[in-house]
Amino acid sequence: MFYALLLIGLVSSAGALIALFPARRGVLATLVYPVGWLAGELCYYSALAELVLTLAYVAGWHPAGWHLDVAVAVGALSLGLELTLLGALLVPRRLVVRALSEHPLGLSVPGPREIRPGSLARSASLIPLHPRELVRAADLAYGPHPRQRLDLWRTSRTPSGAPVILYLHGGAWTFGDKREQGRPMLHEFAAAGWVVVTANYRLAPRDPWPAQIQDAMRVLGWIKRNARAYGADPGRVVVSGGSAGGHLAALLALTSQEETWRPADVPGVSDWDIAGAISLYGVLEMTGDERHWSGLGAGLRRLLEDRVVQVPFEQDPERYRAMSPLSRVHEAAPAFLVVQGTTDTLVDVNVARGFVQRFAEVALAPIYYLELPLTQHTFDLTASARTSAVTRAALAFAESVAPPSPPPSVWRTYRQAASGLRVQVQGEWLEATEAAARLGAFGVVLADNPASRRLSEEENARRREALEAVLGARGVTRQPARVERRGEWPEERGVAVCGRAPDFLRALARAFGQAGLYLVSAEGVIELVAA
């Protein structure tokens, strides 16, 4: 028994060390991902097994000696390493609440004690059990190719007009299936009243790039045309994916308004809007730039050159940049949630950091970033406490960017309540047209009460600060503005933006959840629809 216990302890310790300090080069690099993933995700059970075996051995061993000393030392080492991994598995329960609540826009994420009954048991078992009332429409065709199939999930309680989350699977653009990945998160979305769409797409090398993003665009077109038939709202779509699927989701969100990859045989779709994107350990940089990849870029480029793109990078570098979300960030990009592990050995953490930094510099919409300590690639295959925490964050993010449309009565009341638009000029509040006579033409974008939802004064104050921060970081000339309202609607505040085109103003209004904005000149005020 001594030698069996010694072998188990050494193997367990080696796996934990690989998970904690993953090798990124050399022969061991090929073993890091599967071994590190198993050690990190199964540390619940390995720690418990190591403790039980060591205690059983000590209790059953009578004479003291070197055998007992070695058994206790190896057991303690293994248990200590596994408890470190277990701590990393539990830390995100608080980390995501803090990270998102401290964002300037302050997302409210339910804490661990607020999750539904049964979640704790699923987290301990690691089994991604689906809701009992889940209903699935399987293998719906969104195109003629055998891989162009999607599944649609909802529950018997899903309300009409529910928002949609589209999930694109990973697999290095060369393998994978819509039934295999993201299940713990998607089950929770379905239970929360969302319609879930998971899709297959054509795979390389048989179908080289850009077949994959073309299929993702085709799925979006299918949702826009058919969502209402399944009780969903095609105007409230959030895209998500892991790894290669995270890349496709990000690229789809950033380019959905372009015609580059849009299928010509999807008629009758005028709205290609995406409310937000969730990238889980996504490949957000596609040129293999080692400033982001930290030694892993050469492997990515070989994969792309040999199997996915099938064109050498040096021959057509612009094609690689065009498929890279990092290079496609623009002012009007939708909001993002990016999730990345620090010990991911397939996608370096600096890829996510670089994308988040670029997005914050360029885009007007918010970006939320969750960096998970000691977390490997595809961590969300199991329903662990870490996955549960990330799921709560993803759901809070999705609900913030795709809120329900207000009833027509609320919208009419809101519109009719406006009685005056004023702008502060040199400390004096002036009527909008009078202010325009002094300042020149400008646009007014509000921060308060997005989508005509009444928020508290504290929440609106945070939104005003966030709007000021976005414009201040870009050096935008602005003045305080307010819209006076009658009845139950209080006064709302925002900014008068000078010297910016209507497209910039629309993107800013949409980034802050506003349905409209005001263009003001000395001749009058024009109200425009932003979203």
# chains A, B, ... in the order shown; residues from 1 in each chain; ligands from 1
>>> residues_around(residues="stretch 400-405 of chain A", least_positions_apart="5", cutoff="12 Å", atoms="only C-alpha atoms", output="VMD selection string")
chain A and resid 100 105 to 109 159 to 165 193 to 194 232 to 239 273 to 278 334 to 337 365 to 368 393 to 395 410 to 411 449 to 453 510 to 515 531
>>> residues_around(residues="A:His130", least_positions_apart="5", cutoff="9 Å", atoms="only C-alpha atoms", output="PyMOL selection string")
chain A and resi 183-184+186-188+190-191
>>> atom_distance(atom1="atom CA of A:Val311", atom2="atom CA of A:Arg328")
20.4 Å
>>> select_by_dssp(residues="stretch 296-509 of chain A", states="alpha helix (DSSP H)", output="PyMOL selection string")
chain A and resi 297-303+317-322+325-328+349-362+385-401+408-417+432-439+457-473+502-509
>>> write_last_selection(atoms="C-alpha atoms", output="PDB file, in the first residue's frame")
ATOM      1  CA  GLY A 297       2.309  32.965 -31.875  1.00  0.00           C
ATOM      2  CA  ALA A 298       4.404  30.738 -34.135  1.00  0.00           C
ATOM      3  CA  GLY A 299       2.171  27.761 -33.377  1.00  0.00           C
ATOM      4  CA  LEU A 300      -0.966  29.760 -34.156  1.00  0.00           C
ATOM      5  CA  ARG A 301       0.484  30.972 -37.439  1.00  0.00           C
ATOM      6  CA  ARG A 302       1.461  27.426 -38.489  1.00  0.00           C
ATOM      7  CA  LEU A 303      -2.089  26.241 -37.798  1.00  0.00           C
ATOM      8  CA  PRO A 317      -0.714  39.705 -44.192  1.00  0.00           C
ATOM      9  CA  GLU A 318      -3.766  41.912 -44.702  1.00  0.00           C
ATOM     10  CA  ARG A 319      -6.002  38.827 -44.784  1.00  0.00           C
ATOM     11  CA  TYR A 320      -4.737  37.841 -41.335  1.00  0.00           C
ATOM     12  CA  ARG A 321      -5.227  41.337 -39.949  1.00  0.00           C
ATOM     13  CA  ALA A 322      -8.761  41.444 -41.386  1.00  0.00           C
ATOM     14  CA  PRO A 325     -10.734  41.125 -33.817  1.00  0.00           C
ATOM     15  CA  LEU A 326      -7.936  43.208 -32.308  1.00  0.00           C
ATOM     16  CA  SER A 327      -7.548  44.963 -35.669  1.00  0.00           C
ATOM     17  CA  ARG A 328     -11.283  45.416 -36.242  1.00  0.00           C
ATOM     18  CA  VAL A 349      -3.438  36.033 -21.275  1.00  0.00           C
ATOM     19  CA  ASN A 350      -1.753  38.969 -23.045  1.00  0.00           C
ATOM     20  CA  VAL A 351      -4.002  38.386 -26.074  1.00  0.00           C
ATOM     21  CA  ALA A 352      -7.035  39.292 -23.978  1.00  0.00           C
ATOM     22  CA  ARG A 353      -5.232  42.145 -22.249  1.00  0.00           C
ATOM     23  CA  GLY A 354      -4.201  43.646 -25.581  1.00  0.00           C
ATOM     24  CA  PHE A 355      -7.720  43.419 -26.965  1.00  0.00           C
ATOM     25  CA  VAL A 356      -9.271  44.972 -23.857  1.00  0.00           C
ATOM     26  CA  GLN A 357      -6.783  47.849 -23.933  1.00  0.00           C
ATOM     27  CA  ARG A 358      -7.398  48.487 -27.637  1.00  0.00           C
ATOM     28  CA  PHE A 359     -11.174  48.349 -27.175  1.00  0.00           C
ATOM     29  CA  ALA A 360     -11.083  50.813 -24.272  1.00  0.00           C
ATOM     30  CA  GLU A 361      -9.031  53.226 -26.363  1.00  0.00           C
ATOM     31  CA  VAL A 362     -11.194  53.086 -29.504  1.00  0.00           C
ATOM     32  CA  ALA A 385     -17.843  27.029  -8.874  1.00  0.00           C
ATOM     33  CA  ARG A 386     -15.613  29.014 -11.249  1.00  0.00           C
ATOM     34  CA  THR A 387     -17.903  28.324 -14.214  1.00  0.00           C
ATOM     35  CA  SER A 388     -20.929  29.229 -12.115  1.00  0.00           C
ATOM     36  CA  ALA A 389     -19.341  32.572 -11.202  1.00  0.00           C
ATOM     37  CA  VAL A 390     -18.491  33.371 -14.821  1.00  0.00           C
ATOM     38  CA  THR A 391     -22.011  32.369 -15.861  1.00  0.00           C
ATOM     39  CA  ARG A 392     -23.514  34.847 -13.392  1.00  0.00           C
ATOM     40  CA  ALA A 393     -21.295  37.560 -14.830  1.00  0.00           C
ATOM     41  CA  ALA A 394     -22.175  36.622 -18.413  1.00  0.00           C
ATOM     42  CA  LEU A 395     -25.885  36.651 -17.653  1.00  0.00           C
ATOM     43  CA  ALA A 396     -25.666  40.021 -15.883  1.00  0.00           C
ATOM     44  CA  PHE A 397     -23.736  41.459 -18.831  1.00  0.00           C
ATOM     45  CA  ALA A 398     -26.159  40.061 -21.419  1.00  0.00           C
ATOM     46  CA  GLU A 399     -29.202  41.364 -19.560  1.00  0.00           C
ATOM     47  CA  SER A 400     -27.610  44.813 -19.308  1.00  0.00           C
ATOM     48  CA  VAL A 401     -26.957  45.118 -23.054  1.00  0.00           C
ATOM     49  CA  PRO A 408     -45.445  51.385 -25.959  1.00  0.00           C
ATOM     50  CA  SER A 409     -47.330  53.194 -23.188  1.00  0.00           C
ATOM     51  CA  VAL A 410     -44.112  53.789 -21.236  1.00  0.00           C
ATOM     52  CA  TRP A 411     -42.285  54.940 -24.351  1.00  0.00           C
ATOM     53  CA  ARG A 412     -45.091  57.366 -25.238  1.00  0.00           C
ATOM     54  CA  THR A 413     -45.167  58.734 -21.689  1.00  0.00           C
ATOM     55  CA  TYR A 414     -41.407  59.186 -21.743  1.00  0.00           C
ATOM     56  CA  ARG A 415     -41.417  60.964 -25.111  1.00  0.00           C
ATOM     57  CA  GLN A 416     -44.313  63.248 -24.183  1.00  0.00           C
ATOM     58  CA  ALA A 417     -42.765  64.196 -20.847  1.00  0.00           C
ATOM     59  CA  ALA A 432     -30.644  74.689 -26.523  1.00  0.00           C
ATOM     60  CA  THR A 433     -31.004  76.959 -29.555  1.00  0.00           C
ATOM     61  CA  GLU A 434     -29.613  79.924 -27.629  1.00  0.00           C
ATOM     62  CA  ALA A 435     -26.632  77.799 -26.584  1.00  0.00           C
ATOM     63  CA  ALA A 436     -26.111  76.767 -30.227  1.00  0.00           C
ATOM     64  CA  ALA A 437     -25.998  80.426 -31.251  1.00  0.00           C
ATOM     65  CA  ARG A 438     -22.964  80.791 -28.976  1.00  0.00           C
ATOM     66  CA  LEU A 439     -21.289  77.397 -29.361  1.00  0.00           C
ATOM     67  CA  GLU A 457     -30.190  58.627  -8.762  1.00  0.00           C
ATOM     68  CA  GLU A 458     -27.049  56.777  -7.661  1.00  0.00           C
ATOM     69  CA  GLU A 459     -27.099  54.564 -10.755  1.00  0.00           C
ATOM     70  CA  ASN A 460     -27.686  57.538 -13.047  1.00  0.00           C
ATOM     71  CA  ALA A 461     -24.851  59.450 -11.369  1.00  0.00           C
ATOM     72  CA  ARG A 462     -22.469  56.584 -12.158  1.00  0.00           C
ATOM     73  CA  ARG A 463     -23.605  56.597 -15.753  1.00  0.00           C
ATOM     74  CA  ARG A 464     -22.936  60.349 -16.029  1.00  0.00           C
ATOM     75  CA  GLU A 465     -19.443  59.832 -14.646  1.00  0.00           C
ATOM     76  CA  ALA A 466     -18.832  57.025 -17.130  1.00  0.00           C
ATOM     77  CA  LEU A 467     -20.033  59.196 -20.033  1.00  0.00           C
ATOM     78  CA  GLU A 468     -17.727  62.002 -18.922  1.00  0.00           C
ATOM     79  CA  ALA A 469     -14.817  59.552 -18.639  1.00  0.00           C
ATOM     80  CA  VAL A 470     -15.368  58.172 -22.156  1.00  0.00           C
ATOM     81  CA  LEU A 471     -15.465  61.638 -23.712  1.00  0.00           C
ATOM     82  CA  GLY A 472     -12.658  63.019 -21.547  1.00  0.00           C
ATOM     83  CA  ALA A 473     -10.319  60.204 -22.579  1.00  0.00           C
ATOM     84  CA  PRO A 502     -23.944  62.312 -36.273  1.00  0.00           C
ATOM     85  CA  ASP A 503     -22.453  58.808 -36.648  1.00  0.00           C
ATOM     86  CA  PHE A 504     -20.234  59.418 -33.608  1.00  0.00           C
ATOM     87  CA  LEU A 505     -23.228  60.718 -31.659  1.00  0.00           C
ATOM     88  CA  ARG A 506     -25.344  57.701 -32.620  1.00  0.00           C
ATOM     89  CA  ALA A 507     -22.595  55.317 -31.524  1.00  0.00           C
ATOM     90  CA  LEU A 508     -22.241  57.186 -28.232  1.00  0.00           C
ATOM     91  CA  ALA A 509     -25.988  57.131 -27.595  1.00  0.00           C
TER      92      ALA A 509
END
>>> closest_residue(among="A:His292, A:Lys224, A:His377, A:Arg474", to="A:Leu364", atoms="only C-alpha atoms")
A:Arg474
>>> closest_residue(among="A:Leu152, A:Gly241, A:Pro210, A:Arg24", to="A:Ala229", atoms="only C-alpha atoms")
A:Leu152
>>> closest_residue(among="A:Val444, A:Ala204, A:Leu168, A:Leu95", to="A:Asp306", atoms="only C-alpha atoms")
A:Ala204
>>> residues_around(residues="A:Ala244", least_positions_apart="6", cutoff="8 Å", atoms="only C-alpha atoms", output="compact mmCIF listing (two decimals) with C-alpha atoms, in the first residue's frame")
# COMPACT_ATOMS: atom_id res chain seq x y z
CA HIS A 169 -18.20 26.32 -30.51
CA GLY A 170 -14.41 26.18 -30.47
CA GLY A 171 -12.01 23.64 -31.91
CA ALA A 172 -9.23 25.52 -33.76
CA TRP A 173 -11.66 26.09 -36.68
CA GLY A 282 -11.09 33.74 -27.42
CA VAL A 283 -8.40 33.96 -30.07
>>> closest_atom_pairs(of="stretch 171-216 of chain A", to="stretch 133-149 of chain A", cutoff="9 Å", atoms="only C-alpha atoms", output="CSV")
residue,atom,partner,partner_atom,distance
A:Lys178,CA,A:Arg149,CA,8.9
A:His187,CA,A:Leu134,CA,8.3
A:Ala190,CA,A:Leu134,CA,7.5
A:Ala191,CA,A:Leu134,CA,7.9
A:Thr198,CA,A:Arg149,CA,8.8
A:Ala199,CA,A:Arg149,CA,6.0
A:Asn200,CA,A:Arg149,CA,5.7
A:Tyr201,CA,A:Arg147,CA,5.4
A:Arg202,CA,A:Arg147,CA,5.5
A:Leu203,CA,A:Arg147,CA,8.2
A:Asp215,CA,A:Gln148,CA,7.2
>>> write_last_selection(atoms="N, CA and C atoms", output="short mmCIF file (atom, residue, chain, number, x, y, z; two decimals), in the first residue's frame")
data_model
loop_
_atom_site.label_atom_id
_atom_site.label_comp_id
_atom_site.auth_asym_id
_atom_site.auth_seq_id
_atom_site.Cartn_x
_atom_site.Cartn_y
_atom_site.Cartn_z
N LYS A 178 -21.69 21.64 -31.97
CA LYS A 178 -22.59 22.51 -31.22
C LYS A 178 -23.11 21.88 -29.94
N HIS A 187 -27.15 26.43 -20.24
CA HIS A 187 -28.28 25.93 -19.45
C HIS A 187 -28.83 27.02 -18.53
N ALA A 190 -30.81 29.54 -20.55
CA ALA A 190 -32.14 29.02 -20.88
C ALA A 190 -33.05 29.08 -19.66
N ALA A 191 -32.53 28.71 -18.49
CA ALA A 191 -33.34 28.75 -17.27
C ALA A 191 -33.74 30.17 -16.90
N THR A 198 -27.26 27.32 -30.64
CA THR A 198 -25.90 26.81 -30.82
C THR A 198 -25.77 26.31 -32.25
N ALA A 199 -24.65 26.61 -32.88
CA ALA A 199 -24.54 26.33 -34.32
C ALA A 199 -23.24 25.65 -34.67
N ASN A 200 -23.33 24.69 -35.59
CA ASN A 200 -22.15 24.18 -36.27
C ASN A 200 -21.82 25.10 -37.44
N TYR A 201 -20.61 24.99 -37.92
CA TYR A 201 -20.20 25.76 -39.10
C TYR A 201 -19.17 24.92 -39.87
N ARG A 202 -18.95 25.27 -41.11
CA ARG A 202 -18.00 24.53 -41.93
C ARG A 202 -16.60 24.60 -41.33
N LEU A 203 -15.86 23.50 -41.46
CA LEU A 203 -14.56 23.38 -40.82
C LEU A 203 -13.44 23.30 -41.84
N ASP A 215 -20.36 31.48 -42.27
CA ASP A 215 -21.44 30.69 -41.65
C ASP A 215 -21.96 31.36 -40.39
#
>>> closest_residue(among="A:Asp348, A:Glu180, A:Ala441, A:Val219", to="A:Asp289", atoms="only C-alpha atoms")
A:Asp348
>>> select_by_dssp(residues="stretch 430-462 of chain A", states="strand (DSSP E)", output="list in words")
Leu430, Glu431, Phe442, Gly443, Val444, Val445 and Leu446 of chain A
>>> write_last_selection(atoms="C-alpha atoms", output="CSV table (one decimal), in the first residue's frame")
chain,number,residue,atom,x,y,z
A,430,LEU,CA,-29.5,78.3,-21.7
A,431,GLU,CA,-32.2,77.1,-24.0
A,442,PHE,CA,-23.9,70.3,-31.3
A,443,GLY,CA,-25.5,67.0,-30.3
A,444,VAL,CA,-27.0,66.1,-27.0
A,445,VAL,CA,-26.6,62.6,-25.6
A,446,LEU,CA,-28.2,61.6,-22.3
>>> closest_residue(among="A:Val96, A:Ala264, A:Gly9, A:Leu42", to="A:Val339", atoms="only C-alpha atoms")
A:Val96
>>> atom_distance(atom1="atom CA of A:Leu254", atom2="atom CA of A:Ser324")
10.2 Å
